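Structure below is final24.txt: compact mmCIF, C-alpha atoms and all ligand atoms.
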# COMPACT_ATOMS: atom_id res chain seq x y z
CA MET Y 1 -1.83 -17.56 -12.71
CA GLU Y 2 -5.23 -18.19 -11.07
CA TYR Y 3 -5.79 -17.29 -7.43
CA ASP Y 4 -8.60 -18.30 -5.05
CA PHE Y 5 -8.67 -14.99 -3.13
CA LEU Y 6 -7.22 -12.43 -5.53
CA LYS Y 7 -8.78 -10.98 -8.64
CA ILE Y 8 -6.14 -9.57 -10.94
CA GLU Y 9 -6.98 -7.10 -13.66
CA ARG Y 10 -4.61 -5.31 -16.00
CA LYS Y 11 -5.13 -2.03 -17.78
CA GLY Y 12 -1.99 -1.53 -19.85
CA ALA Y 13 0.90 -1.07 -17.42
CA ILE Y 14 -1.46 -0.79 -14.42
CA ALA Y 15 -2.27 -3.91 -12.38
CA ILE Y 16 -5.25 -3.99 -10.02
CA MET Y 17 -5.12 -6.57 -7.22
CA THR Y 18 -8.52 -7.05 -5.57
CA ILE Y 19 -8.58 -9.04 -2.34
CA SER Y 20 -11.68 -11.21 -2.37
CA ALA Y 21 -12.92 -13.17 0.62
CA PRO Y 22 -16.48 -11.79 0.86
CA LYS Y 23 -17.64 -14.07 3.68
CA SER Y 24 -15.15 -12.50 6.08
CA LEU Y 25 -15.14 -8.96 4.62
CA ASN Y 26 -11.81 -9.77 2.94
CA ALA Y 27 -10.04 -10.61 6.22
CA LEU Y 28 -6.49 -11.80 5.61
CA ASN Y 29 -5.77 -15.45 6.32
CA SER Y 30 -2.56 -17.38 5.60
CA ALA Y 31 -3.77 -18.50 2.19
CA ILE Y 32 -4.48 -14.91 1.10
CA LEU Y 33 -1.13 -13.71 2.40
CA LYS Y 34 0.56 -16.51 0.45
CA GLU Y 35 -1.27 -15.57 -2.75
CA MET Y 36 -0.42 -11.90 -2.26
CA GLY Y 37 3.26 -12.74 -1.78
CA ASP Y 38 3.19 -14.89 -4.89
CA PHE Y 39 1.55 -12.22 -7.03
CA ILE Y 40 3.80 -9.41 -5.80
CA GLY Y 41 6.87 -11.61 -6.33
CA ARG Y 42 5.92 -12.24 -9.96
CA LEU Y 43 5.49 -8.59 -10.94
CA ASP Y 44 7.94 -7.55 -13.64
CA GLU Y 45 8.72 -4.33 -15.50
CA THR Y 46 5.52 -4.59 -17.56
CA THR Y 47 3.65 -3.43 -14.44
CA ARG Y 48 4.43 0.18 -13.64
CA VAL Y 49 1.72 0.98 -11.08
CA LEU Y 50 -0.12 -1.38 -8.73
CA ILE Y 51 -3.54 -0.58 -7.27
CA ILE Y 52 -4.75 -2.64 -4.29
CA THR Y 53 -8.41 -2.73 -3.33
CA GLY Y 54 -11.00 -4.98 -1.69
CA ASP Y 55 -13.91 -6.82 -3.24
CA GLY Y 56 -17.41 -5.45 -2.73
CA GLU Y 57 -18.67 -2.10 -1.49
CA LYS Y 58 -18.35 -2.66 2.22
CA SER Y 59 -14.79 -3.61 3.01
CA PHE Y 60 -11.22 -3.09 1.88
CA VAL Y 61 -9.82 -5.59 4.39
CA ALA Y 62 -11.45 -6.11 7.82
CA GLY Y 63 -8.17 -7.19 9.40
CA ALA Y 64 -6.30 -10.40 9.84
CA ASP Y 65 -8.58 -13.42 10.05
CA ILE Y 66 -9.61 -13.67 13.71
CA SER Y 67 -10.92 -17.24 13.33
CA GLU Y 68 -7.47 -18.35 12.17
CA MET Y 69 -5.65 -16.39 14.89
CA ALA Y 70 -7.88 -17.47 17.78
CA GLN Y 71 -6.05 -20.77 18.46
CA LEU Y 72 -2.46 -19.67 17.84
CA ASN Y 73 0.24 -20.13 20.49
CA GLU Y 74 3.12 -17.70 21.00
CA GLN Y 75 5.37 -19.19 18.33
CA GLU Y 76 2.53 -19.47 15.80
CA GLY Y 77 1.46 -15.89 16.54
CA PHE Y 78 5.03 -14.75 15.93
CA GLU Y 79 5.13 -16.63 12.63
CA PHE Y 80 1.72 -15.37 11.46
CA GLY Y 81 2.74 -11.79 12.24
CA ARG Y 82 6.03 -12.25 10.43
CA ARG Y 83 4.34 -13.72 7.36
CA GLY Y 84 2.06 -10.68 7.01
CA ALA Y 85 4.83 -8.22 7.82
CA LEU Y 86 7.08 -9.70 5.12
CA VAL Y 87 4.38 -9.52 2.45
CA PHE Y 88 3.60 -5.92 3.40
CA ARG Y 89 7.30 -5.06 3.28
CA GLN Y 90 7.45 -6.67 -0.18
CA ILE Y 91 4.68 -4.25 -1.22
CA GLU Y 92 6.39 -1.27 0.39
CA THR Y 93 9.71 -1.96 -1.35
CA LEU Y 94 8.30 -2.63 -4.84
CA PRO Y 95 10.15 -0.37 -7.29
CA ILE Y 96 6.81 1.00 -8.58
CA PRO Y 97 4.10 3.15 -6.98
CA VAL Y 98 1.40 1.27 -5.11
CA ILE Y 99 -1.97 2.96 -4.54
CA ALA Y 100 -4.43 1.64 -1.97
CA ALA Y 101 -8.01 2.30 -3.09
CA VAL Y 102 -9.70 1.88 0.28
CA ASN Y 103 -13.32 1.02 -0.44
CA GLY Y 104 -14.71 0.39 3.06
CA PHE Y 105 -13.40 -1.13 6.32
CA ALA Y 106 -9.63 -0.90 6.68
CA LEU Y 107 -9.27 -2.31 10.18
CA GLY Y 108 -6.28 -3.94 11.86
CA GLY Y 109 -4.31 -5.70 9.13
CA GLY Y 110 -6.41 -3.83 6.57
CA CYS Y 111 -5.26 -0.45 7.83
CA GLU Y 112 -1.72 -1.86 7.98
CA LEU Y 113 -1.95 -3.07 4.38
CA ALA Y 114 -3.11 0.37 3.23
CA MET Y 115 -0.19 1.94 5.11
CA ALA Y 116 2.32 -0.33 3.35
CA CYS Y 117 1.17 1.24 0.08
CA ASP Y 118 2.70 4.50 -1.13
CA ILE Y 119 -0.57 6.39 -1.35
CA ARG Y 120 -4.04 5.89 0.09
CA ILE Y 121 -7.26 7.22 -1.38
CA ALA Y 122 -10.59 6.26 0.14
CA SER Y 123 -14.30 6.10 -0.52
CA ASN Y 124 -16.44 8.22 1.80
CA ASN Y 125 -17.76 5.06 3.53
CA ALA Y 126 -14.24 3.90 4.49
CA LYS Y 127 -13.33 3.36 8.14
CA PHE Y 128 -9.80 3.07 9.47
CA GLY Y 129 -8.72 1.64 12.79
CA GLN Y 130 -6.35 -0.56 14.74
CA PRO Y 131 -8.74 -2.44 17.06
CA GLU Y 132 -6.21 -5.13 18.07
CA VAL Y 133 -5.91 -4.28 21.76
CA GLY Y 134 -9.62 -5.10 22.06
CA LEU Y 135 -8.70 -8.63 20.99
CA GLY Y 136 -5.77 -8.93 23.39
CA ILE Y 137 -3.09 -8.39 20.75
CA ILE Y 138 -1.27 -5.45 19.18
CA PRO Y 139 -1.03 -4.45 15.52
CA GLY Y 140 1.16 -7.22 14.13
CA PHE Y 141 1.62 -6.36 10.48
CA SER Y 142 3.87 -3.35 11.20
CA GLY Y 143 1.15 -0.90 12.21
CA THR Y 144 3.02 0.29 15.29
CA TYR Y 145 5.86 1.25 12.96
CA ARG Y 146 3.96 2.82 10.05
CA LEU Y 147 0.99 4.55 11.72
CA PRO Y 148 3.13 6.97 13.80
CA LYS Y 149 5.17 7.76 10.68
CA LEU Y 150 2.01 8.78 8.84
CA VAL Y 151 -0.03 10.56 11.49
CA GLY Y 152 2.43 11.25 14.33
CA GLN Y 153 2.85 9.39 17.61
CA GLY Y 154 0.08 11.18 19.51
CA TYR Y 155 -2.73 10.29 17.13
CA ALA Y 156 -1.29 6.83 16.41
CA LYS Y 157 -1.21 6.04 20.12
CA GLU Y 158 -4.77 7.28 20.56
CA MET Y 159 -5.98 5.07 17.69
CA ILE Y 160 -4.05 2.03 18.90
CA TYR Y 161 -4.80 2.36 22.64
CA THR Y 162 -8.50 3.12 22.19
CA GLY Y 163 -9.00 0.88 19.16
CA LYS Y 164 -11.50 3.41 17.83
CA ALA Y 165 -12.26 3.45 14.12
CA ILE Y 166 -12.16 6.78 12.32
CA ARG Y 167 -14.15 7.84 9.28
CA ALA Y 168 -12.70 8.76 5.92
CA ASP Y 169 -13.02 12.52 6.53
CA GLU Y 170 -11.05 12.21 9.77
CA ALA Y 171 -8.45 10.02 8.01
CA LEU Y 172 -8.12 12.80 5.44
CA ARG Y 173 -7.74 15.45 8.15
CA ILE Y 174 -4.89 13.60 9.87
CA GLY Y 175 -3.09 12.74 6.63
CA LEU Y 176 -3.77 9.02 6.63
CA VAL Y 177 -5.40 9.31 3.21
CA ASN Y 178 -4.73 11.75 0.37
CA ALA Y 179 -8.28 12.12 -0.91
CA VAL Y 180 -11.86 10.91 -0.35
CA TYR Y 181 -14.35 10.17 -3.11
CA GLU Y 182 -17.82 8.78 -3.69
CA PRO Y 183 -17.57 4.95 -3.74
CA ALA Y 184 -18.49 4.81 -7.44
CA GLU Y 185 -15.67 7.22 -8.31
CA LEU Y 186 -12.89 5.60 -6.29
CA MET Y 187 -11.38 3.24 -8.88
CA GLU Y 188 -11.70 5.82 -11.63
CA LYS Y 189 -9.72 8.28 -9.48
CA ALA Y 190 -7.10 5.65 -8.62
CA LEU Y 191 -6.67 4.90 -12.32
CA GLU Y 192 -6.45 8.60 -13.13
CA MET Y 193 -3.64 9.01 -10.59
CA ALA Y 194 -1.90 5.91 -11.94
CA GLU Y 195 -2.12 7.26 -15.51
CA ARG Y 196 -0.45 10.50 -14.44
CA MET Y 197 2.39 8.46 -12.96
CA LEU Y 198 2.70 6.41 -16.16
CA ALA Y 199 3.41 9.60 -18.09
CA ASN Y 200 6.63 10.06 -16.09
CA ALA Y 201 10.00 8.35 -16.19
CA PRO Y 202 9.83 4.93 -14.50
CA LEU Y 203 13.45 4.93 -13.32
CA ALA Y 204 13.02 8.40 -11.84
CA ILE Y 205 9.90 7.31 -9.94
CA LYS Y 206 11.75 4.22 -8.69
CA ALA Y 207 14.65 6.40 -7.49
CA ALA Y 208 12.29 8.91 -5.87
CA LYS Y 209 10.51 6.11 -4.00
CA GLN Y 210 13.81 4.65 -2.80
CA SER Y 211 15.02 8.07 -1.70
CA ILE Y 212 11.84 8.83 0.25
CA ASN Y 213 11.48 5.36 1.81
CA GLU Y 214 15.09 4.78 2.76
CA GLY Y 215 15.86 8.42 3.51
CA TYR Y 216 13.11 8.57 6.14
CA ASP Y 217 14.97 6.22 8.48
CA LEU Y 218 18.38 7.88 8.03
CA ASN Y 219 19.78 11.01 9.65
CA ALA Y 220 19.75 14.26 7.64
CA ASP Y 221 23.30 13.93 6.27
CA GLU Y 222 22.79 10.31 5.23
CA ALA Y 223 19.38 11.02 3.67
CA ILE Y 224 20.72 13.96 1.67
CA GLU Y 225 23.72 11.86 0.59
CA LEU Y 226 21.37 9.07 -0.56
CA GLU Y 227 19.27 11.51 -2.58
CA ASN Y 228 22.41 12.99 -4.10
CA LYS Y 229 23.60 9.54 -5.27
CA LEU Y 230 20.21 8.64 -6.72
CA PHE Y 231 19.94 12.06 -8.38
CA GLY Y 232 23.36 11.54 -10.01
CA LYS Y 233 22.33 8.08 -11.20
CA CYS Y 234 19.37 9.55 -13.09
CA PHE Y 235 21.86 11.19 -15.44
CA ALA Y 236 23.03 7.75 -16.56
CA SER Y 237 19.54 7.02 -17.93
CA GLN Y 238 18.15 7.50 -21.41
CA ASP Y 239 14.98 8.82 -19.79
CA GLN Y 240 16.87 11.84 -18.43
CA LYS Y 241 18.23 12.59 -21.90
CA ASP Y 242 14.84 12.09 -23.57
CA GLY Y 243 12.96 14.03 -20.87
CA MET Y 244 15.20 17.08 -21.03
CA ALA Y 245 15.51 17.00 -24.83
CA ALA Y 246 11.71 16.89 -25.09
CA PHE Y 247 11.40 19.87 -22.76
CA LEU Y 248 13.96 21.88 -24.71
CA GLY Y 249 12.31 20.86 -28.01
CA LYS Y 250 8.90 21.85 -26.61
CA GLN Y 251 7.59 18.31 -27.03
CA LYS Y 252 6.00 15.71 -24.78
CA PRO Y 253 8.57 13.19 -23.55
CA VAL Y 254 8.24 9.53 -24.40
CA PHE Y 255 10.05 7.47 -21.77
CA THR Y 256 11.45 4.01 -22.38
CA GLY Y 257 12.43 3.19 -18.81
CA LYS Y 258 16.08 2.86 -19.80
N1 LIG V 301 -11.64 -12.03 10.80
C1 LIG V 301 -12.51 -13.03 10.57
N2 LIG V 301 -13.78 -12.82 10.22
C2 LIG V 301 -14.19 -11.56 10.11
C3 LIG V 301 -13.35 -10.46 10.33
C4 LIG V 301 -12.01 -10.74 10.70
N3 LIG V 301 -11.11 -9.77 10.90
N4 LIG V 301 -14.04 -9.33 10.15
C5 LIG V 301 -15.29 -9.69 9.81
N5 LIG V 301 -15.39 -11.04 9.78
C6 LIG V 301 -16.58 -11.84 9.47
C7 LIG V 301 -17.57 -11.84 10.60
O1 LIG V 301 -17.20 -12.79 11.58
C8 LIG V 301 -18.84 -12.19 9.87
O2 LIG V 301 -18.84 -13.59 9.64
P1 LIG V 301 -20.23 -14.43 9.82
O3 LIG V 301 -21.14 -13.87 8.77
O4 LIG V 301 -19.80 -15.83 9.56
O5 LIG V 301 -20.72 -14.16 11.20
C9 LIG V 301 -18.68 -11.52 8.51
O6 LIG V 301 -17.27 -11.25 8.38
C10 LIG V 301 -19.41 -10.19 8.42
O7 LIG V 301 -19.03 -9.41 9.53
P2 LIG V 301 -20.10 -8.73 10.53
O8 LIG V 301 -21.37 -9.52 10.56
O9 LIG V 301 -19.40 -8.49 11.83
O10 LIG V 301 -20.36 -7.37 9.75
P3 LIG V 301 -20.73 -5.97 10.40
O11 LIG V 301 -21.06 -5.07 9.25
O12 LIG V 301 -21.72 -6.13 11.48
O13 LIG V 301 -19.36 -5.45 11.07
C11 LIG V 301 -16.98 -5.04 11.15
C12 LIG V 301 -18.23 -5.20 10.26
C13 LIG V 301 -17.11 -3.76 12.00
C14 LIG V 301 -15.80 -4.91 10.22
C15 LIG V 301 -16.86 -6.27 12.07
O14 LIG V 301 -16.94 -7.44 11.27
C16 LIG V 301 -15.57 -6.34 12.83
O15 LIG V 301 -15.41 -5.67 13.82
N6 LIG V 301 -14.59 -7.16 12.33
C17 LIG V 301 -13.34 -7.35 13.01
C18 LIG V 301 -12.44 -6.18 12.80
C19 LIG V 301 -11.14 -6.37 13.55
O16 LIG V 301 -11.11 -6.46 14.77
N7 LIG V 301 -10.04 -6.42 12.78
C20 LIG V 301 -8.73 -6.55 13.35
C21 LIG V 301 -8.35 -8.00 13.41
S1 LIG V 301 -6.82 -8.23 14.23
C22 LIG V 301 -5.69 -7.80 13.11
O17 LIG V 301 -5.96 -7.42 12.00
C23 LIG V 301 -4.30 -7.94 13.55
C24 LIG V 301 -3.28 -7.78 12.43
C25 LIG V 301 -1.96 -8.31 12.85
C26 LIG V 301 -1.98 -9.76 13.07
C27 LIG V 301 -0.74 -10.28 13.66
C28 LIG V 301 -0.83 -11.78 13.87
C29 LIG V 301 -0.21 -12.33 15.10
In structure tokens, write the structure found in this file.
Amino acid sequence: MEYDFLKIERKGAIAIMTISAPKSLNALNSAILKEMGDFIGRLDETTRVLIITGDGEKSFVAGADISEMAQLNEQEGFEFGRRGALVFRQIETLPIPVIAAVNGFALGGGCELAMACDIRIASNNAKFGQPEVGLGIIPGFSGTYRLPKLVGQGYAKEMIYTGKAIRADEALRIGLVNAVYEPAELMEKALEMAERMLANAPLAIKAAKQSINEGYDLNADEAIELENKLFGKCFASQDQKDGMAAFLGKQKPVFTGK
């Protein structure tokens, strides 16, 4: 499948989705959101880790496309926000790990896209921010929901109310990103992390992701119950048998994802 705004690369079971709209620093318009939804919807079990990045050395995603949003009325604004939020939720609920390799500006919808991914790593020139209130709107691709979960309400409110952008080192300090690298190293490090994940049991990673994501919004008893069920289910998999047999036989496990 060919896309106008996405470059798709595959390295074995790793897919790299690069958002490419260089004239607007990869700002997200409806066409890009549609292509992202299409690509994510087509992923099958041959893809076991997804890496999302932006084209060029300057920007991951500089937000939603302001020129498209400028003329929207209330209903259209609602629909545009919903479209982005649904695509981001699709990313968040993929049964595989998703790594955001943030290679520059991650502002507004760009920061929100990175937050819909499981893990964020950044280049040292990256900048994160939610500048929406300076445009007369609020974060509309679920940033008010995900930013406080990642950095706490106090810092999230400061970022959203002031609209200030923070540098990669500050994003690292507050836990918005896991690691910061030289720009030239970023993709290599993302691939390295993805490879480590590929060495593990796919069904176990899927269950762990479900337990963490869904458990977060439950109360303690419900979250522990959910983990318990998913833990039990692992024992119905061949991967559990192969993984434990390999350990006991002092060998490296080879997982089949069954
Ligand atoms: N939308 C449209 N065009 C953009 C965007 C954007 N978000 N960001 C940059 N561009 C364009 C610029 O207009 C410029 O175009 P042109 O060359 O035609 O003038 C080109 O990209 C290059 O940008 P700059 O010349 O401004 O480059 P600088 O290096 O000087 O600055 C910045 C880079 C700091 C990233 C600057 O471009 C900027 O501030 N961009 C806007 C960032 C922003 O405010 N993002 C948040 C947008 S709102 C949002 O994301 C809401 C999400 C939820 C939506 C819900 C819908 C209802």
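When only C-alpha atoms are used to compute distances to Gly109 (chain Y), the closest of the residues Y:Glu79, Y:Glu132, Y:Asp221, Y:Glu170 turns out to be Y:Glu132.
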What lies within 6 Å of region 64-75 of chain Y using all atoms listed in the file, ignoring chain neighbours under 5 positions off, as an MDAnalysis selection string? chainID Y and resid 27:29 109
Can you measure CA of Leu186 (chain Y) to CA of Gly12 (chain Y) for me? One decimal in Å is fine.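 Separating CA of Leu186 (chain Y) from CA of Gly12 (chain Y) is a distance of 18.8 Å.
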At a cut-off of 12 Å, using only C-alpha atoms, what residues contact region 123-127 of chain Y? Leave out same-chain residues fewer than 4 positions from it and give the result as a ChimeraX atom specification. /Y:53-54,57-63,100-108,110-111,114,131,164-172,176-190
Given the point (0.8, 0.7, -15.7) in the file's coordinates, find the residues that have an atom at most 7 Å from it, counting all atoms listed in the file, and give them as a PDB file with C-alpha atoms, keeping the file's coordinate frame.
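Output saved as result02.pdb:
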ATOM      1  CA  LYS Y  11      -5.130  -2.030 -17.780  1.00  0.00           C
ATOM      2  CA  GLY Y  12      -1.990  -1.530 -19.850  1.00  0.00           C
ATOM      3  CA  ALA Y  13       0.900  -1.070 -17.420  1.00  0.00           C
ATOM      4  CA  ILE Y  14      -1.460  -0.790 -14.420  1.00  0.00           C
ATOM      5  CA  ALA Y  15      -2.270  -3.910 -12.380  1.00  0.00           C
ATOM      6  CA  THR Y  47       3.650  -3.430 -14.440  1.00  0.00           C
ATOM      7  CA  ARG Y  48       4.430   0.180 -13.640  1.00  0.00           C
ATOM      8  CA  VAL Y  49       1.720   0.980 -11.080  1.00  0.00           C
ATOM      9  CA  ALA Y 194      -1.900   5.910 -11.940  1.00  0.00           C
ATOM     10  CA  LEU Y 198       2.700   6.410 -16.160  1.00  0.00           C
TER      11      LEU Y 198
END
So, with all atoms listed in the file as the atoms that count, which of Y:Glu158, Y:Glu112, Y:Glu214, Y:Asp242 lies closest to ligand LIG 301 (chain V)?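 Closest residue, counting all atoms listed in the file: Y:Glu112.
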Box centre and edge lengths (Å, one decimal), axis-aligned, ligand LIG 301 (chain V) plus 8 Å each side, as JSON:
{"center_x": -11.0, "center_y": -9.8, "center_z": 11.7, "size_x": 37.5, "size_y": 28.1, "size_z": 22.7}
The residue from Y:Tyr216, Y:Tyr161, Y:Phe88, Y:Phe80 with the smallest atom-to-atom distance to ligand LIG 301 (chain V), counting all atoms listed in the file, is Y:Phe80
Which one is closest to ligand LIG 301 (chain V): Y:Met17, Y:Ala116, Y:Ile138, Y:Ile96? Count only C-alpha atoms and all ligand atoms.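 Closest candidate: Y:Ile138.
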Just the number, please: distance in Å from CA of Leu113 (chain Y) to CA of Ile91 (chain Y), one decimal.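 A separation of 8.8 Å between them.
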Between CA of Tyr145 (chain Y) and CA of Ala208 (chain Y) - distance in Å to one decimal: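 Taking CA of Ala208 (chain Y) and CA of Tyr145 (chain Y), their separation equals 21.3 Å.
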In terms of the shortest atom-to-atom distance over all atoms listed in the file, which of Y:Phe231, Y:Phe247, Y:Phe78, Y:Phe255 is closest to ligand LIG 301 (chain V)? Y:Phe78
Residue neighbourhood Gly37 (chain Y), 12 Å, all atoms listed in the file, exclusion window fewer than 3 positions, as a PyMOL selection string: chain Y and resi 3+6+17+30-34+40-43+83-91+94
Closest of Y:Ile224, Y:Ala21, Y:Ala246, Y:Ile52 to ligand LIG 301 (chain V), counting all atoms listed in the file, is Y:Ala21
Any idea what's packed within 10 Å of Lys157 (chain Y), counting all atoms listed in the file, ignoring anything in its chain fewer than 6 positions away? Could you give it as a list of chain:residue names?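 Returned residues: Y:Gln130, Y:Thr144, Y:Leu147, Y:Pro148, Y:Val151, Y:Gly163.
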Dump region 79-95 of chain Y with N, CA, C and O atoms to a file, as a JSON list (two decimals), in the first residue's frame.
[["chain", "number", "residue", "atom", "x", "y", "z"],
["Y", 79, "GLU", "N", -15.44, 16.92, 15.45],
["Y", 79, "GLU", "CA", -15.18, 15.75, 14.58],
["Y", 79, "GLU", "C", -13.68, 15.58, 14.29],
["Y", 79, "GLU", "O", -13.17, 14.46, 14.27],
["Y", 80, "PHE", "N", -12.98, 16.71, 14.09],
["Y", 80, "PHE", "CA", -11.54, 16.63, 13.83],
["Y", 80, "PHE", "C", -10.83, 16.06, 15.07],
["Y", 80, "PHE", "O", -9.97, 15.17, 14.96],
["Y", 81, "GLY", "N", -11.22, 16.56, 16.23],
["Y", 81, "GLY", "CA", -10.63, 16.06, 17.48],
["Y", 81, "GLY", "C", -10.90, 14.57, 17.64],
["Y", 81, "GLY", "O", -9.99, 13.80, 17.98],
["Y", 82, "ARG", "N", -12.11, 14.17, 17.34],
["Y", 82, "ARG", "CA", -12.48, 12.76, 17.51],
["Y", 82, "ARG", "C", -11.68, 11.88, 16.56],
["Y", 82, "ARG", "O", -11.21, 10.81, 16.93],
["Y", 83, "ARG", "N", -11.51, 12.36, 15.32],
["Y", 83, "ARG", "CA", -10.78, 11.57, 14.33],
["Y", 83, "ARG", "C", -9.35, 11.28, 14.83],
["Y", 83, "ARG", "O", -8.88, 10.15, 14.79],
["Y", 84, "GLY", "N", -8.69, 12.33, 15.30],
["Y", 84, "GLY", "CA", -7.32, 12.14, 15.82],
["Y", 84, "GLY", "C", -7.32, 11.25, 17.05],
["Y", 84, "GLY", "O", -6.49, 10.35, 17.17],
["Y", 85, "ALA", "N", -8.26, 11.50, 17.95],
["Y", 85, "ALA", "CA", -8.30, 10.74, 19.20],
["Y", 85, "ALA", "C", -8.50, 9.26, 18.93],
["Y", 85, "ALA", "O", -7.88, 8.40, 19.58],
["Y", 86, "LEU", "N", -9.33, 8.94, 17.93],
["Y", 86, "LEU", "CA", -9.58, 7.53, 17.62],
["Y", 86, "LEU", "C", -8.34, 6.85, 17.04],
["Y", 86, "LEU", "O", -8.02, 5.72, 17.39],
["Y", 87, "VAL", "N", -7.65, 7.56, 16.16],
["Y", 87, "VAL", "CA", -6.42, 6.98, 15.59],
["Y", 87, "VAL", "C", -5.39, 6.75, 16.70],
["Y", 87, "VAL", "O", -4.73, 5.71, 16.77],
["Y", 88, "PHE", "N", -5.26, 7.73, 17.60],
["Y", 88, "PHE", "CA", -4.27, 7.60, 18.67],
["Y", 88, "PHE", "C", -4.65, 6.45, 19.61],
["Y", 88, "PHE", "O", -3.80, 5.73, 20.13],
["Y", 89, "ARG", "N", -5.95, 6.28, 19.82],
["Y", 89, "ARG", "CA", -6.41, 5.17, 20.67],
["Y", 89, "ARG", "C", -6.13, 3.83, 20.00],
["Y", 89, "ARG", "O", -5.78, 2.85, 20.66],
["Y", 90, "GLN", "N", -6.27, 3.83, 18.66],
["Y", 90, "GLN", "CA", -5.95, 2.62, 17.88],
["Y", 90, "GLN", "C", -4.47, 2.25, 18.12],
["Y", 90, "GLN", "O", -4.14, 1.09, 18.27],
["Y", 91, "ILE", "N", -3.62, 3.27, 18.14],
["Y", 91, "ILE", "CA", -2.18, 3.04, 18.38],
["Y", 91, "ILE", "C", -1.98, 2.50, 19.80],
["Y", 91, "ILE", "O", -1.29, 1.51, 20.02],
["Y", 92, "GLU", "N", -2.63, 3.17, 20.75],
["Y", 92, "GLU", "CA", -2.44, 2.80, 22.16],
["Y", 92, "GLU", "C", -2.88, 1.37, 22.44],
["Y", 92, "GLU", "O", -2.30, 0.68, 23.28],
["Y", 93, "THR", "N", -3.92, 0.92, 21.74],
["Y", 93, "THR", "CA", -4.47, -0.41, 22.03],
["Y", 93, "THR", "C", -3.95, -1.50, 21.09],
["Y", 93, "THR", "O", -4.45, -2.62, 21.12],
["Y", 94, "LEU", "N", -2.98, -1.18, 20.24],
["Y", 94, "LEU", "CA", -2.36, -2.23, 19.42],
["Y", 94, "LEU", "C", -1.82, -3.31, 20.36],
["Y", 94, "LEU", "O", -1.27, -2.98, 21.42],
["Y", 95, "PRO", "N", -1.90, -4.56, 19.96],
["Y", 95, "PRO", "CA", -1.41, -5.63, 20.86],
["Y", 95, "PRO", "C", 0.12, -5.80, 20.84],
["Y", 95, "PRO", "O", 0.63, -6.79, 21.33]]
